[in-house]
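Q: Before anything else, here's the structure in question.
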Amino acid sequence: MPLKILPLVIAAISGVAMAIQGSVNSALGKVVGLWESTFIVHLIGLLLVSALLFIFRVGAGDLSRFMQAPWYVYIGGALGVLIIYSVVLSIPKVGVAPATTAIILGQVFTAGLVDHLGLFGLQKNPFNLYSVAGSLLMAGGAWLILRQ
């Protein structure tokens with residue numbers, strides 16, 4: 001069990017980063033516009049990753065093998081645009097906590113489906129009674145948060 005703590009801490013840090021990112025992206029969107037902020041966010045990400053890969057030589061993969069990956073793994077870039085745009089659009093209208101709650105709910109239910117069906121080449125991890133109960137409790141909590 002202790003071996004699973006570190007990945008969960010890292011995932012929680014990702015959640016913290018997502019809430020902050022959504023807030024600052026929304027603030028940028030108010031200044032420059034929705035599509036423009038989406039572009040700027042991705043451009044900065046591209047520049048950072050380019051520096052990490054090509055200047056600092058971070059990474060142990062092999063970019064020359066990118067054509068060997070299945071076609072569907074490349075929709076992540078398009079989904080990234082959809083995610084940033086949706087967050088920038090929703091947070092100013094409903095607030096960070098309600099938007100993040102809706103995001104997490106969408107993630108959990110979609111993740112449960114992906115796990116249960118073993119989509120995208122991932123190992124099947126069937127939903128059990130505990131998973132269903134936890135998801136329903138989370139949905140109930142989300143309903144209370146969103147109720148305002």
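FYI, nothing fancy with the structure tokens labels: chains A, B, ... in order, residues from 1 per chain, ligands from 1 as they appear.
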Where does stretch 53-136 of chain A meet stretch 1-25 of chain A within 12 Å, residue by residue, with the nearest atom pair and distance in Å to one decimal for each, counting only C-alpha atoms, listed by chain and rising number, as JSON lines?
A:
```
{"residue": "A:Ile83", "atom": "CA", "partner": "A:Gly22", "partner_atom": "CA", "distance": 9.7}
{"residue": "A:Ile84", "atom": "CA", "partner": "A:Gly22", "partner_atom": "CA", "distance": 7.6}
{"residue": "A:Tyr85", "atom": "CA", "partner": "A:Asn25", "partner_atom": "CA", "distance": 9.0}
{"residue": "A:Ser86", "atom": "CA", "partner": "A:Gly22", "partner_atom": "CA", "distance": 9.5}
{"residue": "A:Val87", "atom": "CA", "partner": "A:Gly22", "partner_atom": "CA", "distance": 5.8}
{"residue": "A:Val88", "atom": "CA", "partner": "A:Asn25", "partner_atom": "CA", "distance": 5.9}
{"residue": "A:Leu89", "atom": "CA", "partner": "A:Asn25", "partner_atom": "CA", "distance": 9.5}
{"residue": "A:Ser90", "atom": "CA", "partner": "A:Gly22", "partner_atom": "CA", "distance": 9.3}
{"residue": "A:Ile91", "atom": "CA", "partner": "A:Ser23", "partner_atom": "CA", "distance": 7.1}
{"residue": "A:Pro92", "atom": "CA", "partner": "A:Ser23", "partner_atom": "CA", "distance": 8.5}
{"residue": "A:Lys93", "atom": "CA", "partner": "A:Ser23", "partner_atom": "CA", "distance": 11.8}
{"residue": "A:Val94", "atom": "CA", "partner": "A:Ser23", "partner_atom": "CA", "distance": 11.7}
{"residue": "A:Gly95", "atom": "CA", "partner": "A:Ser23", "partner_atom": "CA", "distance": 8.9}
{"residue": "A:Val96", "atom": "CA", "partner": "A:Ser23", "partner_atom": "CA", "distance": 6.7}
{"residue": "A:Ala97", "atom": "CA", "partner": "A:Ala19", "partner_atom": "CA", "distance": 8.3}
{"residue": "A:Pro98", "atom": "CA", "partner": "A:Ala19", "partner_atom": "CA", "distance": 10.9}
{"residue": "A:Ala99", "atom": "CA", "partner": "A:Gly22", "partner_atom": "CA", "distance": 9.2}
{"residue": "A:Thr100", "atom": "CA", "partner": "A:Ala19", "partner_atom": "CA", "distance": 6.8}
{"residue": "A:Thr101", "atom": "CA", "partner": "A:Ala19", "partner_atom": "CA", "distance": 10.1}
{"residue": "A:Ile103", "atom": "CA", "partner": "A:Met18", "partner_atom": "CA", "distance": 10.1}
{"residue": "A:Ile104", "atom": "CA", "partner": "A:Gly15", "partner_atom": "CA", "distance": 9.1}
{"residue": "A:Gln107", "atom": "CA", "partner": "A:Gly15", "partner_atom": "CA", "distance": 11.5}
```
Q: Could you pull out the alpha helix (DSSP H) residues of chain A, going by DSSP on the backbone, and write them as a short mmCIF file (atom, residue, chain, number, x, y, z; two decimals) with C-alpha atoms, in the first residue's frame?
A:
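Generated output (out21.cif):
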```cif
data_model
loop_
_atom_site.label_atom_id
_atom_site.label_comp_id
_atom_site.auth_asym_id
_atom_site.auth_seq_id
_atom_site.Cartn_x
_atom_site.Cartn_y
_atom_site.Cartn_z
CA ILE A 5 0.87 6.81 -1.91
CA LEU A 6 3.45 8.66 -4.03
CA PRO A 7 1.47 8.40 -7.30
CA LEU A 8 -1.63 9.61 -5.44
CA VAL A 9 0.28 12.56 -3.97
CA ILE A 10 1.53 13.40 -7.46
CA ALA A 11 -2.04 13.14 -8.78
CA ALA A 12 -3.25 15.45 -5.98
CA ILE A 13 -0.53 17.97 -6.91
CA SER A 14 -1.86 17.76 -10.47
CA GLY A 15 -5.32 18.62 -9.14
CA VAL A 16 -3.91 21.64 -7.32
CA ALA A 17 -2.15 22.72 -10.51
CA MET A 18 -5.36 22.27 -12.52
CA ALA A 19 -7.36 24.51 -10.18
CA ILE A 20 -4.68 27.21 -10.29
CA GLN A 21 -4.26 26.80 -14.05
CA GLY A 22 -7.98 27.19 -14.64
CA SER A 23 -8.02 30.35 -12.55
CA VAL A 24 -5.05 32.02 -14.24
CA ASN A 25 -6.16 30.90 -17.71
CA SER A 26 -9.57 32.45 -17.06
CA ALA A 27 -7.93 35.67 -15.91
CA LEU A 28 -5.90 35.69 -19.14
CA GLY A 29 -9.05 34.99 -21.15
CA LYS A 30 -10.70 38.10 -19.70
CA VAL A 31 -7.81 40.18 -21.00
CA VAL A 32 -7.07 38.67 -24.42
CA LEU A 34 -11.00 32.79 -25.04
CA TRP A 35 -9.34 31.43 -28.17
CA GLU A 36 -6.38 33.75 -27.74
CA SER A 37 -5.75 32.57 -24.18
CA THR A 38 -6.05 28.95 -25.33
CA PHE A 39 -3.41 29.67 -27.98
CA ILE A 40 -1.08 31.43 -25.52
CA VAL A 41 -1.36 28.63 -22.95
CA HIS A 42 -0.48 25.99 -25.54
CA LEU A 43 2.33 28.08 -27.01
CA ILE A 44 3.92 28.50 -23.57
CA GLY A 45 3.54 24.77 -22.97
CA LEU A 46 5.16 24.00 -26.33
CA LEU A 47 8.08 26.31 -25.58
CA LEU A 48 8.60 24.79 -22.12
CA VAL A 49 8.47 21.19 -23.35
CA SER A 50 10.73 22.05 -26.29
CA ILE A 75 -6.44 13.15 -30.11
CA GLY A 76 -4.89 14.31 -26.82
CA GLY A 77 -3.72 17.54 -28.42
CA ALA A 78 -7.22 18.36 -29.66
CA LEU A 79 -8.65 17.40 -26.28
CA GLY A 80 -6.14 19.74 -24.63
CA VAL A 81 -7.51 22.63 -26.69
CA LEU A 82 -11.08 21.65 -25.76
CA ILE A 83 -10.14 21.39 -22.07
CA ILE A 84 -8.38 24.76 -21.86
CA TYR A 85 -11.14 26.52 -23.82
CA SER A 86 -13.90 24.93 -21.71
CA VAL A 87 -12.21 25.82 -18.43
CA VAL A 88 -11.52 29.40 -19.53
CA LEU A 89 -15.18 29.69 -20.56
CA SER A 90 -16.77 28.10 -17.49
CA ILE A 91 -14.78 29.40 -14.49
CA PRO A 92 -15.69 33.09 -14.87
CA LYS A 93 -19.37 32.17 -15.20
CA VAL A 94 -19.73 29.74 -12.26
CA VAL A 96 -13.52 27.89 -9.58
CA ALA A 97 -15.04 25.46 -7.06
CA PRO A 98 -18.23 24.63 -8.98
CA ALA A 99 -16.38 24.35 -12.30
CA THR A 100 -13.68 22.16 -10.76
CA THR A 101 -16.35 19.99 -9.14
CA ALA A 102 -18.03 19.46 -12.49
CA ILE A 103 -14.65 18.74 -14.08
CA ILE A 104 -13.79 16.15 -11.43
CA LEU A 105 -17.19 14.49 -11.77
CA GLY A 106 -16.75 14.24 -15.53
CA GLN A 107 -13.25 12.86 -15.06
CA VAL A 108 -14.28 10.24 -12.50
CA PHE A 109 -17.22 8.91 -14.48
CA THR A 110 -15.23 8.85 -17.73
CA ALA A 111 -12.24 7.27 -15.98
CA GLY A 112 -14.51 4.61 -14.54
CA LEU A 113 -15.81 3.80 -18.01
CA VAL A 114 -12.29 3.71 -19.48
CA ASP A 115 -11.11 1.44 -16.65
CA HIS A 116 -14.15 -0.83 -16.82
CA LEU A 117 -13.88 -1.34 -20.57
CA LEU A 129 -19.83 -2.07 -5.71
CA TYR A 130 -17.34 0.17 -3.87
CA SER A 131 -16.53 2.09 -7.05
CA VAL A 132 -20.21 2.64 -7.80
CA ALA A 133 -20.94 3.70 -4.21
CA GLY A 134 -17.96 6.08 -4.18
CA SER A 135 -18.99 7.62 -7.49
CA LEU A 136 -22.56 8.11 -6.27
CA LEU A 137 -21.33 9.72 -3.05
CA MET A 138 -19.07 11.99 -5.07
CA ALA A 139 -21.99 12.90 -7.34
CA GLY A 140 -24.10 13.69 -4.27
CA GLY A 141 -21.32 15.88 -2.88
CA ALA A 142 -21.00 17.63 -6.23
CA TRP A 143 -24.74 18.26 -6.26
CA LEU A 144 -24.47 19.89 -2.81
CA ILE A 145 -21.54 22.07 -3.91
CA LEU A 146 -23.24 23.08 -7.16
CA ARG A 147 -26.60 23.72 -5.52
#
```
Q: Atom CA of A:Leu63 and atom CA of A:Gln123, how far apart in Å?
A: 24.5 Å
Q: Quick check, in Å to one decimal: how far apart do atom CA of A:Tyr72 and atom CA of A:Asn125 lie?
A: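 Distance between the two atoms: 20.6 Å.
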